[in-house]
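J.: For reference, this is coords-v2.tsv, and it has TSV, C-alpha atoms (C1' of nucleotides) and all ligand atoms.
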chain	number	residue	atom	x	y	z
A	707	MET	CA	23.53	10.26	-11.02
A	708	SER	CA	20.37	10.82	-9.03
A	709	ASP	CA	17.40	13.13	-8.68
A	710	PRO	CA	17.18	14.73	-12.04
A	711	ILE	CA	15.26	17.54	-10.34
A	712	GLY	CA	12.54	17.77	-12.84
A	713	PHE	CA	11.11	20.25	-15.22
A	714	GLN	CA	7.97	20.50	-13.22
A	715	CYS	CA	8.15	21.29	-9.54
A	716	ALA	CA	5.42	19.69	-7.49
A	717	ASP	CA	5.23	22.54	-5.03
A	718	HIS	CA	7.22	25.45	-6.28
A	719	GLY	CA	6.35	27.90	-3.53
A	720	THR	CA	7.50	25.49	-0.86
A	721	CYS	CA	10.66	24.48	-2.69
A	722	ARG	CA	11.57	28.14	-2.87
A	723	THR	CA	11.03	28.98	0.79
A	724	THR	CA	12.75	25.78	1.85
A	725	LEU	CA	15.82	26.45	-0.23
A	726	LEU	CA	15.98	30.07	0.92
A	727	ALA	CA	15.79	28.96	4.54
A	728	ARG	CA	18.48	26.39	3.97
A	729	ALA	CA	20.73	28.99	2.41
A	730	GLN	CA	20.15	31.29	5.38
A	731	ALA	CA	20.97	28.51	7.82
A	732	HIS	CA	24.08	27.60	5.92
A	733	CYS	CA	25.26	31.20	5.98
A	734	ASP	CA	24.56	31.50	9.69
A	735	SER	CA	26.58	28.41	10.48
A	736	LEU	CA	29.54	29.53	8.39
A	737	GLY	CA	29.51	33.19	9.27
A	738	LEU	CA	28.63	34.22	5.73
A	739	ARG	CA	26.35	37.19	5.22
A	740	LEU	CA	23.22	36.70	3.16
A	741	THR	CA	22.66	40.41	2.65
A	742	PRO	CA	19.48	41.85	1.12
A	743	VAL	CA	20.89	41.99	-2.40
A	744	ARG	CA	22.29	38.48	-2.15
A	745	ARG	CA	19.12	37.10	-0.62
A	746	ARG	CA	16.91	38.78	-3.18
A	747	THR	CA	19.16	37.59	-6.02
A	748	LEU	CA	18.87	34.02	-4.81
A	749	GLU	CA	15.12	34.41	-4.47
A	750	ILE	CA	14.92	35.70	-8.05
A	751	LEU	CA	16.79	32.66	-9.33
A	752	LEU	CA	14.60	30.34	-7.26
A	753	VAL	CA	11.36	31.92	-8.42
A	754	GLU	CA	12.31	31.95	-12.09
A	755	HIS	CA	13.51	28.35	-11.91
A	756	ARG	CA	15.48	28.82	-15.11
A	757	ALA	CA	18.76	30.30	-16.27
A	758	LEU	CA	18.92	34.08	-15.96
A	759	GLY	CA	21.63	36.32	-17.34
A	760	ALA	CA	23.39	38.68	-14.96
A	761	TYR	CA	21.71	41.62	-16.65
A	762	ASP	CA	18.29	40.00	-16.31
A	763	VAL	CA	18.92	39.72	-12.59
A	764	LEU	CA	20.23	43.26	-12.52
A	765	ALA	CA	17.06	44.59	-14.16
A	766	LEU	CA	14.91	42.92	-11.53
A	767	LEU	CA	17.12	44.19	-8.71
A	768	ALA	CA	17.12	47.67	-10.16
A	769	ALA	CA	13.32	47.68	-10.34
A	770	GLU	CA	13.34	47.22	-6.57
A	771	GLY	CA	15.98	49.82	-5.86
A	772	LEU	CA	18.59	47.25	-4.90
A	773	GLY	CA	21.28	48.53	-7.23
A	774	SER	CA	21.54	49.45	-10.85
A	775	GLN	CA	25.13	48.86	-11.97
A	776	PRO	CA	26.59	45.60	-13.32
A	777	PRO	CA	28.91	44.94	-10.39
A	778	VAL	CA	25.89	44.71	-8.10
A	779	ALA	CA	24.55	41.69	-9.96
A	780	TYR	CA	27.93	40.10	-10.58
A	781	ARG	CA	28.99	40.41	-6.95
A	782	ALA	CA	25.78	38.87	-5.72
A	783	LEU	CA	25.95	36.05	-8.27
A	784	ASP	CA	29.61	35.39	-7.51
A	785	PHE	CA	28.80	35.14	-3.83
A	786	LEU	CA	25.97	32.70	-4.48
A	787	VAL	CA	28.11	30.56	-6.75
A	788	LYS	CA	31.05	30.52	-4.32
A	789	ALA	CA	28.74	29.72	-1.42
A	790	GLY	CA	27.23	26.86	-3.38
A	791	PHE	CA	23.75	28.34	-3.71
A	792	ALA	CA	23.82	28.84	-7.46
A	793	HIS	CA	25.62	27.61	-10.56
A	794	LYS	CA	26.77	29.29	-13.71
A	795	ILE	CA	25.53	27.71	-16.92
A	796	GLU	CA	28.49	28.20	-19.21
A	797	ALA	CA	26.66	27.33	-22.40
A	798	LEU	CA	24.24	30.21	-21.77
A	799	ASN	CA	26.41	32.65	-19.84
A	800	ALA	CA	23.63	32.55	-17.29
A	801	TYR	CA	22.95	31.56	-13.70
A	802	THR	CA	20.55	29.25	-11.93
A	803	ALA	CA	19.82	28.33	-8.32
A	804	CYS	CA	21.29	25.12	-6.96
A	805	VAL	CA	18.78	22.50	-5.87
A	806	HIS	CA	20.84	21.24	-2.95
A	807	PRO	CA	22.61	24.32	-1.72
A	808	GLY	CA	25.69	24.15	0.41
A	809	LEU	CA	26.40	20.51	-0.35
A	810	ASP	CA	29.59	19.69	-2.19
A	811	HIS	CA	28.63	18.18	-5.51
A	812	THR	CA	29.44	18.17	-9.21
A	813	PRO	CA	26.31	19.20	-11.04
A	814	ALA	CA	25.15	18.24	-14.51
A	815	PHE	CA	22.45	20.21	-16.27
A	816	LEU	CA	19.66	19.54	-18.70
A	817	ILE	CA	18.87	22.82	-20.41
A	818	CYS	CA	15.81	23.40	-22.58
A	819	ARG	CA	16.80	25.54	-25.54
A	820	THR	CA	13.26	26.86	-25.88
A	821	CYS	CA	12.12	27.85	-22.39
A	822	GLU	CA	15.59	27.93	-20.78
A	823	THR	CA	14.34	25.84	-17.91
A	824	VAL	CA	17.22	24.07	-16.21
A	825	ALA	CA	17.16	20.73	-14.44
A	826	GLU	CA	20.05	19.87	-12.18
A	827	ALA	CA	21.31	16.36	-11.65
A	828	ASP	CA	24.43	15.01	-10.01
A	829	THR	CA	27.21	13.31	-11.82
A	830	ALA	CA	30.24	11.43	-10.69
A	831	LEU	CA	31.78	12.07	-14.06
A	832	THR	CA	35.30	12.25	-12.71
A	833	LYS	CA	34.86	8.70	-11.47
A	834	GLY	CA	33.83	7.45	-14.90
A	835	ARG	CA	35.52	7.35	-18.25
A	836	LEU	CA	36.40	11.02	-18.31
A	837	GLY	CA	38.23	10.43	-15.05
A	838	ASP	CA	40.02	7.48	-16.60
A	839	ALA	CA	41.09	9.58	-19.56
A	840	ALA	CA	42.27	12.36	-17.29
A	841	ARG	CA	44.34	10.00	-15.17
A	842	ALA	CA	45.84	8.44	-18.28
A	843	ALA	CA	46.86	11.91	-19.45
A	844	GLY	CA	48.19	12.89	-16.04
A	845	PHE	CA	45.54	15.61	-15.81
A	846	THR	CA	44.20	16.81	-12.46
A	847	ILE	CA	40.51	17.67	-12.67
A	848	GLU	CA	39.47	20.56	-10.44
A	849	ARG	CA	36.10	21.48	-11.88
A	850	THR	CA	33.75	19.98	-14.44
A	851	VAL	CA	31.15	21.56	-16.68
A	852	VAL	CA	28.51	19.11	-17.88
A	853	GLU	CA	25.62	20.65	-19.75
A	854	ALA	CA	23.18	18.97	-22.10
A	855	THR	CA	21.07	21.20	-24.30
A	856	GLY	CA	17.86	19.98	-25.86
A	857	LEU	CA	14.11	20.00	-25.45
A	858	CYS	CA	12.19	19.58	-22.21
A	859	PRO	CA	9.04	17.42	-22.24
A	860	ASP	CA	6.68	20.41	-22.34
A	861	CYS	CA	8.42	22.12	-25.23
A	862	ALA	CA	8.75	18.83	-27.11
A	863	ASP	CA	4.98	18.33	-26.79
A	864	ARG	CA	4.32	21.87	-27.92
A	865	ALA	CA	6.55	21.40	-30.96
A	866	ALA	CA	4.94	18.13	-31.98
B	283	MET	CA	36.00	7.28	-23.89
B	284	SER	CA	39.13	6.85	-25.96
B	285	ASP	CA	42.16	8.66	-27.26
B	286	PRO	CA	42.63	11.41	-24.76
B	287	ILE	CA	44.64	13.24	-27.40
B	288	GLY	CA	47.39	14.23	-25.14
B	289	PHE	CA	49.01	17.34	-23.86
B	290	GLN	CA	52.15	16.59	-25.75
B	291	CYS	CA	51.95	15.93	-29.45
B	292	ALA	CA	54.59	13.49	-30.69
B	293	ASP	CA	54.92	15.17	-34.05
B	294	HIS	CA	53.12	18.45	-34.01
B	295	GLY	CA	54.13	19.63	-37.45
B	296	THR	CA	52.80	16.49	-39.06
B	297	CYS	CA	49.59	16.46	-37.04
B	298	ARG	CA	48.94	19.97	-38.29
B	299	THR	CA	49.52	19.33	-41.98
B	300	THR	CA	47.58	16.10	-41.79
B	301	LEU	CA	44.56	17.70	-40.16
B	302	LEU	CA	44.66	20.62	-42.59
B	303	ALA	CA	44.75	18.22	-45.54
B	304	ARG	CA	41.87	16.24	-44.10
B	305	ALA	CA	39.83	19.39	-43.68
B	306	GLN	CA	40.56	20.36	-47.27
B	307	ALA	CA	39.53	16.92	-48.53
B	308	HIS	CA	36.36	17.01	-46.47
B	309	CYS	CA	35.44	20.40	-47.91
B	310	ASP	CA	36.14	19.24	-51.45
B	311	SER	CA	33.91	16.22	-51.07
B	312	LEU	CA	31.06	18.25	-49.63
B	313	GLY	CA	31.32	21.29	-51.81
B	314	LEU	CA	32.31	23.50	-48.92
B	315	ARG	CA	34.80	26.28	-49.53
B	316	LEU	CA	37.89	26.41	-47.33
B	317	THR	CA	38.68	30.01	-48.25
B	318	PRO	CA	41.98	31.69	-47.29
B	319	VAL	CA	40.63	33.23	-44.09
B	320	ARG	CA	38.98	29.97	-43.05
B	321	ARG	CA	42.04	27.90	-43.88
B	322	ARG	CA	44.36	30.26	-42.07
B	323	THR	CA	42.07	30.38	-39.04
B	324	LEU	CA	42.09	26.62	-38.82
B	325	GLU	CA	45.86	26.61	-39.20
B	326	ILE	CA	46.17	29.11	-36.37
B	327	LEU	CA	44.08	26.92	-34.08
B	328	LEU	CA	46.10	23.85	-35.06
B	329	VAL	CA	49.44	25.53	-34.50
B	330	GLU	CA	48.52	27.01	-31.15
B	331	HIS	CA	47.07	23.72	-29.96
B	332	ARG	CA	45.16	25.48	-27.23
B	333	ALA	CA	41.99	27.48	-26.77
B	334	LEU	CA	42.07	30.87	-28.48
B	335	GLY	CA	39.53	33.63	-28.10
B	336	ALA	CA	37.94	35.05	-31.24
B	337	TYR	CA	39.85	38.28	-30.74
B	338	ASP	CA	43.13	36.40	-30.35
B	339	VAL	CA	42.48	34.79	-33.72
B	340	LEU	CA	41.44	38.13	-35.14
B	341	ALA	CA	44.69	39.75	-34.05
B	342	LEU	CA	46.71	37.07	-35.81
B	343	LEU	CA	44.60	37.33	-38.97
B	344	ALA	CA	44.87	41.10	-38.92
B	345	ALA	CA	48.66	40.90	-38.69
B	346	GLU	CA	48.56	39.07	-42.02
B	347	GLY	CA	46.10	41.41	-43.70
B	348	LEU	CA	43.30	38.86	-43.66
B	349	GLY	CA	40.73	41.10	-42.04
B	350	SER	CA	40.58	43.28	-39.02
B	351	GLN	CA	36.96	43.43	-37.85
B	352	PRO	CA	35.28	41.02	-35.41
B	353	PRO	CA	32.89	39.48	-37.96
B	354	VAL	CA	35.86	38.19	-39.93
B	355	ALA	CA	37.00	36.01	-37.06
B	356	TYR	CA	33.53	34.99	-35.94
B	357	ARG	CA	32.47	34.00	-39.45
B	358	ALA	CA	35.55	31.88	-39.95
B	359	LEU	CA	35.19	30.26	-36.53
B	360	ASP	CA	31.50	29.60	-37.07
B	361	PHE	CA	32.28	27.94	-40.37
B	362	LEU	CA	34.93	25.73	-38.78
B	363	VAL	CA	32.64	24.76	-35.91
B	364	LYS	CA	29.71	24.00	-38.21
B	365	ALA	CA	31.94	22.02	-40.56
B	366	GLY	CA	33.26	20.01	-37.62
B	367	PHE	CA	36.84	21.28	-37.79
B	368	ALA	CA	36.80	23.15	-34.50
B	369	HIS	CA	34.95	23.30	-31.19
B	370	LYS	CA	33.93	26.11	-28.93
B	371	ILE	CA	35.08	25.79	-25.33
B	372	GLU	CA	32.14	27.27	-23.44
B	373	ALA	CA	33.94	27.59	-20.13
B	374	LEU	CA	36.52	29.87	-21.76
B	375	ASN	CA	34.51	31.53	-24.52
B	376	ALA	CA	37.26	30.28	-26.78
B	377	TYR	CA	37.88	27.96	-29.71
B	378	THR	CA	40.11	24.99	-30.42
B	379	ALA	CA	40.76	22.74	-33.42
B	380	CYS	CA	39.09	19.36	-33.49
B	381	VAL	CA	41.42	16.37	-33.47
B	382	HIS	CA	39.25	14.22	-35.73
B	383	PRO	CA	37.67	16.72	-38.07
B	384	GLY	CA	34.59	15.93	-40.06
B	385	LEU	CA	33.64	12.93	-37.97
B	386	ASP	CA	30.43	13.06	-35.99
B	387	HIS	CA	31.31	12.86	-32.34
B	388	THR	CA	30.55	14.30	-28.93
B	389	PRO	CA	33.74	15.76	-27.57
B	390	ALA	CA	34.88	16.11	-23.98
B	391	PHE	CA	37.70	18.44	-23.05
B	392	LEU	CA	40.46	18.56	-20.48
B	393	ILE	CA	41.47	22.20	-20.12
B	394	CYS	CA	44.57	23.36	-18.29
B	395	ARG	CA	43.75	26.51	-16.37
B	396	THR	CA	47.36	27.66	-16.50
B	397	CYS	CA	48.52	27.19	-20.09
B	398	GLU	CA	45.05	26.85	-21.67
B	399	THR	CA	46.14	23.76	-23.51
B	400	VAL	CA	43.15	21.65	-24.47
B	401	ALA	CA	43.00	17.88	-24.84
B	402	GLU	CA	40.03	16.42	-26.65
B	403	ALA	CA	38.56	13.05	-25.83
B	404	ASP	CA	35.34	11.39	-26.89
B	405	THR	CA	32.49	10.67	-24.60
B	406	ALA	CA	29.34	8.68	-24.95
B	407	LEU	CA	27.91	10.64	-22.11
B	408	THR	CA	24.37	10.46	-23.44
B	409	LYS	CA	24.59	6.69	-23.22
B	410	GLY	CA	25.60	6.80	-19.57
B	411	ARG	CA	23.91	8.04	-16.47
B	412	LEU	CA	23.27	11.51	-17.80
B	413	GLY	CA	21.38	9.85	-20.62
B	414	ASP	CA	19.41	7.83	-18.09
B	415	ALA	CA	18.53	10.94	-16.16
B	416	ALA	CA	17.48	12.71	-19.34
B	417	ARG	CA	15.26	9.84	-20.41
B	418	ALA	CA	13.71	9.69	-16.96
B	419	ALA	CA	12.89	13.38	-17.20
B	420	GLY	CA	11.58	13.09	-20.74
B	421	PHE	CA	14.38	15.35	-21.95
B	422	THR	CA	15.73	15.11	-25.50
B	423	ILE	CA	19.47	15.78	-25.60
B	424	GLU	CA	20.63	17.53	-28.74
B	425	ARG	CA	24.07	18.75	-27.73
B	426	THR	CA	26.38	18.19	-24.79
B	427	VAL	CA	29.10	20.34	-23.29
B	428	VAL	CA	31.61	18.39	-21.22
B	429	GLU	CA	34.60	20.36	-20.03
B	430	ALA	CA	36.94	19.53	-17.20
B	431	THR	CA	39.23	22.29	-15.94
B	432	GLY	CA	42.37	21.55	-13.99
B	433	LEU	CA	46.11	21.22	-14.32
B	434	CYS	CA	47.97	19.49	-17.13
B	435	PRO	CA	50.99	17.33	-16.23
B	436	ASP	CA	53.53	19.97	-17.25
B	437	CYS	CA	51.91	22.75	-15.26
B	438	ALA	CA	51.41	20.46	-12.28
B	439	ASP	CA	55.14	19.67	-12.33
B	440	ARG	CA	56.01	23.31	-12.62
B	441	ALA	CA	53.77	24.16	-9.66
B	442	ALA	CA	55.20	21.40	-7.46
C	1036	DT	C1'	28.01	35.54	-72.92
C	1037	DT	C1'	24.79	37.29	-69.99
C	1038	DC	C1'	21.87	36.83	-66.40
C	1039	DA	C1'	20.23	35.63	-62.02
C	1040	DC	C1'	21.32	33.46	-57.84
C	1041	DT	C1'	23.93	32.47	-53.77
C	1042	DA	C1'	27.93	32.44	-50.81
C	1043	DT	C1'	31.39	35.21	-49.17
C	1044	DT	C1'	33.61	39.35	-47.83
C	1045	DG	C1'	33.99	44.35	-46.33
C	1046	DA	C1'	32.67	47.81	-43.24
C	1047	DT	C1'	30.19	50.19	-39.63
C	1048	DA	C1'	27.75	50.09	-35.75
C	1049	DT	C1'	25.82	48.11	-31.91
C	1050	DG	C1'	24.57	44.70	-28.43
C	1051	DT	C1'	25.84	41.64	-24.57
C	1052	DT	C1'	28.64	39.86	-20.88
C	1053	DA	C1'	32.10	40.81	-17.37
C	1054	DT	C1'	35.69	43.21	-14.65
C	1055	DA	C1'	38.92	47.01	-13.05
C	1056	DA	C1'	39.45	50.64	-10.04
C	1057	DC	C1'	38.53	53.53	-6.42
C	1058	DA	C1'	35.54	55.81	-3.06
C	1059	DT	C1'	32.48	55.08	0.75
C	1060	DC	C1'	29.78	52.87	4.20
C	1061	DC	C1'	29.12	49.98	8.20
C	1062	DG	C1'	29.43	46.58	11.74
C	1063	DA	C1'	32.44	43.83	14.74
C	1064	DA	C1'	36.85	43.35	17.38
C	1065	DG	C1'	40.05	45.37	20.15
D	1338	DC	C1'	36.32	55.29	19.82
D	1339	DT	C1'	39.27	53.52	16.54
D	1340	DT	C1'	40.63	50.33	13.40
D	1341	DC	C1'	39.89	47.11	10.06
D	1342	DG	C1'	37.74	44.17	6.74
D	1343	DG	C1'	33.75	43.04	4.15
D	1344	DA	C1'	30.11	45.02	1.49
D	1345	DT	C1'	28.30	48.68	-1.62
D	1346	DG	C1'	28.17	52.69	-4.68
D	1347	DT	C1'	29.88	54.51	-8.90
D	1348	DT	C1'	32.31	55.23	-13.07
D	1349	DA	C1'	34.58	53.49	-16.70
D	1350	DT	C1'	36.19	50.03	-19.68
D	1351	DA	C1'	37.46	45.34	-21.20
D	1352	DA	C1'	36.04	41.24	-23.52
D	1353	DC	C1'	32.86	38.66	-26.27
D	1354	DA	C1'	29.39	38.57	-30.04
D	1355	DT	C1'	25.96	39.95	-33.62
D	1356	DA	C1'	22.94	42.99	-36.84
D	1357	DT	C1'	22.86	45.20	-41.04
D	1358	DC	C1'	23.73	46.47	-45.53
D	1359	DA	C1'	26.71	47.17	-49.49
D	1360	DA	C1'	30.09	45.10	-52.56
D	1361	DT	C1'	32.10	41.17	-54.71
D	1362	DA	C1'	32.97	36.74	-56.53
D	1363	DG	C1'	31.92	32.14	-57.75
D	1364	DT	C1'	28.01	29.02	-60.10
D	1365	DG	C1'	25.03	27.36	-63.23
D	1366	DA	C1'	21.08	28.09	-66.53
D	1367	DA	C1'	19.21	30.48	-70.60
A	1401	ZN	ZN	23.89	22.25	-7.34
A	1402	ZN	ZN	11.26	23.86	-22.51
A	1403	ZN	ZN	36.32	17.01	-32.11
A	1404	ZN	ZN	49.14	23.51	-18.47
Spit out the file's structure as structure tokens when you get a sec.
T.:
Amino acid sequence: MSDPIGFQCADHGTCRTTLLARAQAHCDSLGLRLTPVRRRTLEILLVEHRALGAYDVLALLAAEGLGSQPPVAYRALDFLVKAGFAHKIEALNAYTACVHPGLDHTPAFLICRTCETVAEADTALTKGRLGDAARAAGFTIERTVVEATGLCPDCADRAA
Amino acid sequence: MSDPIGFQCADHGTCRTTLLARAQAHCDSLGLRLTPVRRRTLEILLVEHRALGAYDVLALLAAEGLGSQPPVAYRALDFLVKAGFAHKIEALNAYTACVHPGLDHTPAFLICRTCETVAEADTALTKGRLGDAARAAGFTIERTVVEATGLCPDCADRAA
DNA sequence: TTCACTATTGATATGTTATAACATCCGAAG
DNA sequence: CTTCGGATGTTATAACATATCAATAGTGAA
């Protein structure tokens, strides 16, 4: 576990442009195509900095004339997830930008149930006790979903 | 982590009747009502021993004249989840019976992507590094979703 | 018993999330 | 230029989930 990329971003504008540039570079080096819809979808996730449903994304894309039917959003999101630029939050059926795109990692998420802000951390869960249990059962882990729902500091303060 | 309730059940018939009886006792002691639809829904989950979608459950209930509209299944499943007799598998949008019903615990799941069999283990994840990260971020964890997808021993053998 | 109260069920409709299927466009390789 | 594969456009539908309101059945007090 490291870098629980926090609920407040010191310099959000910079973090966004940096991550976009990194995604572009990663695509260039691998021959992947960060097309306008894909790029804009990633930018939307980065700007919002929280979990967005596919139809939320679609509405924003549609407002800009980038497509208006569900497959547009799902294709773009699938690309981003497969390329390692975004993650799906299963507990919300929603999507969020990855904070270290392109790197192979097993993310864990802290999800605020009030503002839907998402913080991404790393976890080596498969090396811990879950991994032990899996090995004992003869189970081969291919993918892990680790999501903690609760209250972020801001919302906790507001509720108090 | 303990008891990775395995992919093969030594005595499946007994495990089912035992868990059903425990659920009944738990309801009696708390004044909850394990009505026919609820009881049968739990039995279905116990017999199948894997993750079932709400509409899968509904189809089985409907075949027995226990209701045919979506709310029937969702109400029964919600009751079972709230009462601690079943869990929702977020990665599959599906439901599975709990292996130690009524007890307060934070489950972790090993899910076979081929046969959809589900093994339930416990995890004290919030006491580990995810808990550390949450505390560092000022995040209050209320619920965790821990789901590992992969191949169970049987399916791995079959694939080899 | 009768009443009021609450939990449960029945029934219809709708909302939300996700994919199938097929046509078309477009840029790179040959 | 042609061919071919990835990307998009478009329509339709599958799959998952809830809102709403009426009817019914247990529960306990008057
Ligand atoms: Zn990530
Ligand atoms: Zn919050
Ligand atoms: Zn359980
Ligand atoms: Zn299997």
J.: Starting from chain D, keep only residues with some atom at most 12 Å from an atom of chain A, counting all atoms listed in the file, and report them as a PyMOL selection string.
T.: chain D and resi 1343-1349+1353
J.: Please return, as a PDB file with C-alpha atoms, in the frame of the given file, all residues of chain B lying within 10 Å of chain A when all atoms listed in the file are considered.
T.:
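The file below, iface30.pdb, is the result:
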ATOM      1  CA  MET B 283      36.000   7.280 -23.890  1.00  0.00           C
ATOM      2  CA  SER B 284      39.130   6.850 -25.960  1.00  0.00           C
ATOM      3  CA  ASP B 285      42.160   8.660 -27.260  1.00  0.00           C
ATOM      4  CA  PRO B 286      42.630  11.410 -24.760  1.00  0.00           C
ATOM      5  CA  ILE B 287      44.640  13.240 -27.400  1.00  0.00           C
ATOM      6  CA  GLY B 288      47.390  14.230 -25.140  1.00  0.00           C
ATOM      7  CA  PHE B 289      49.010  17.340 -23.860  1.00  0.00           C
ATOM      8  CA  GLN B 290      52.150  16.590 -25.750  1.00  0.00           C
ATOM      9  CA  LYS B 370      33.930  26.110 -28.930  1.00  0.00           C
ATOM     10  CA  ILE B 371      35.080  25.790 -25.330  1.00  0.00           C
ATOM     11  CA  GLU B 372      32.140  27.270 -23.440  1.00  0.00           C
ATOM     12  CA  ALA B 373      33.940  27.590 -20.130  1.00  0.00           C
ATOM     13  CA  LEU B 374      36.520  29.870 -21.760  1.00  0.00           C
ATOM     14  CA  ASN B 375      34.510  31.530 -24.520  1.00  0.00           C
ATOM     15  CA  ALA B 390      34.880  16.110 -23.980  1.00  0.00           C
ATOM     16  CA  PHE B 391      37.700  18.440 -23.050  1.00  0.00           C
ATOM     17  CA  LEU B 392      40.460  18.560 -20.480  1.00  0.00           C
ATOM     18  CA  ILE B 393      41.470  22.200 -20.120  1.00  0.00           C
ATOM     19  CA  CYS B 394      44.570  23.360 -18.290  1.00  0.00           C
ATOM     20  CA  ARG B 395      43.750  26.510 -16.370  1.00  0.00           C
ATOM     21  CA  ALA B 401      43.000  17.880 -24.840  1.00  0.00           C
ATOM     22  CA  GLU B 402      40.030  16.420 -26.650  1.00  0.00           C
ATOM     23  CA  ALA B 403      38.560  13.050 -25.830  1.00  0.00           C
ATOM     24  CA  ASP B 404      35.340  11.390 -26.890  1.00  0.00           C
ATOM     25  CA  THR B 405      32.490  10.670 -24.600  1.00  0.00           C
ATOM     26  CA  ALA B 406      29.340   8.680 -24.950  1.00  0.00           C
ATOM     27  CA  LEU B 407      27.910  10.640 -22.110  1.00  0.00           C
ATOM     28  CA  THR B 408      24.370  10.460 -23.440  1.00  0.00           C
ATOM     29  CA  GLY B 410      25.600   6.800 -19.570  1.00  0.00           C
ATOM     30  CA  ARG B 411      23.910   8.040 -16.470  1.00  0.00           C
ATOM     31  CA  LEU B 412      23.270  11.510 -17.800  1.00  0.00           C
ATOM     32  CA  GLY B 413      21.380   9.850 -20.620  1.00  0.00           C
ATOM     33  CA  ASP B 414      19.410   7.830 -18.090  1.00  0.00           C
ATOM     34  CA  ALA B 415      18.530  10.940 -16.160  1.00  0.00           C
ATOM     35  CA  ALA B 416      17.480  12.710 -19.340  1.00  0.00           C
ATOM     36  CA  ARG B 417      15.260   9.840 -20.410  1.00  0.00           C
ATOM     37  CA  ALA B 418      13.710   9.690 -16.960  1.00  0.00           C
ATOM     38  CA  ALA B 419      12.890  13.380 -17.200  1.00  0.00           C
ATOM     39  CA  GLY B 420      11.580  13.090 -20.740  1.00  0.00           C
ATOM     40  CA  PHE B 421      14.380  15.350 -21.950  1.00  0.00           C
ATOM     41  CA  THR B 422      15.730  15.110 -25.500  1.00  0.00           C
ATOM     42  CA  ILE B 423      19.470  15.780 -25.600  1.00  0.00           C
ATOM     43  CA  GLU B 424      20.630  17.530 -28.740  1.00  0.00           C
ATOM     44  CA  ARG B 425      24.070  18.750 -27.730  1.00  0.00           C
ATOM     45  CA  THR B 426      26.380  18.190 -24.790  1.00  0.00           C
ATOM     46  CA  VAL B 427      29.100  20.340 -23.290  1.00  0.00           C
ATOM     47  CA  VAL B 428      31.610  18.390 -21.220  1.00  0.00           C
ATOM     48  CA  GLU B 429      34.600  20.360 -20.030  1.00  0.00           C
ATOM     49  CA  ALA B 430      36.940  19.530 -17.200  1.00  0.00           C
ATOM     50  CA  THR B 431      39.230  22.290 -15.940  1.00  0.00           C
ATOM     51  CA  GLY B 432      42.370  21.550 -13.990  1.00  0.00           C
ATOM     52  CA  LEU B 433      46.110  21.220 -14.320  1.00  0.00           C
ATOM     53  CA  CYS B 434      47.970  19.490 -17.130  1.00  0.00           C
ATOM     54  CA  PRO B 435      50.990  17.330 -16.230  1.00  0.00           C
ATOM     55  CA  ASP B 436      53.530  19.970 -17.250  1.00  0.00           C
ATOM     56  CA  CYS B 437      51.910  22.750 -15.260  1.00  0.00           C
ATOM     57  CA  ALA B 438      51.410  20.460 -12.280  1.00  0.00           C
TER      58      ALA B 438
END
J.: I'd like the box whose edges run along x, y and z of the file and which contains every listed atom of stretch 1360-1366 of chain D, padded by 8 Å per side; could you state its centre and edge lengths in Å, one decimal, as JSON?
T.:
{"center_x": 27.0, "center_y": 36.2, "center_z": -59.5, "size_x": 27.9, "size_y": 33.7, "size_z": 30.0}
J.: For a quick test of understanding: name the residues of chain C lying within 9 Å of chain A when counting all atoms listed in the file, and present them as a list in words.
T.: DT1051, DT1052, DA1053 and DT1054 of chain C
J.: Give me, please, the distance in Å between atom CA of A:Val743 and atom CA of A:Leu772, quoted to one decimal.
T.: 6.3 Å
J.: Go through the chains and note each residue within 8 Å of ligand ZN 1403 (chain A), using all atoms listed in the file, then give the set as a ChimeraX atom specification.
T.: /B:366-369,379-383,385,387-389,402-404
J.: Mind giving me the straight-line distance from atom CA of A:Glu749 to atom CA of A:Ser735 in Å, one decimal?
T.: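 Between these atoms lies a distance of 19.8 Å.
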J.: Please indicate the distance in Å from atom C1' of D:DA1351 to atom C1' of C:DG1050, rounded to one decimal place.
T.: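 Distance between the two atoms: 14.8 Å.
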J.: Give me the residues within 12 Å of D:DA1362 as an MDAnalysis selection string, counting only C-alpha atoms (C1' of nucleotides) and dropping any in the same chain fewer than 5 places off.
T.: chainID C and resid 1041:1044
J.: Restricting the calculation to only C-alpha atoms and all ligand atoms, which member of A:Leu764, A:Ala789, A:Thr820, A:Arg744 is positioned closest to ligand ZN 1401 (chain A)?
T.: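 Among A:Leu764, A:Ala789, A:Thr820, A:Arg744, it is A:Ala789 that comes nearest to ligand ZN 1401 (chain A).
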J.: Taking (13.0, 31.3, -10.5) in the coordinates of the supplied file, I want to know which residues reach to within 12 Å of it, counting only C-alpha atoms (C1' of nucleotides); could you give the answer as a ChimeraX atom specification?
T.: /A:715,718-719,721-723,725-726,746-758,762-763,766,792,801-805,822-824
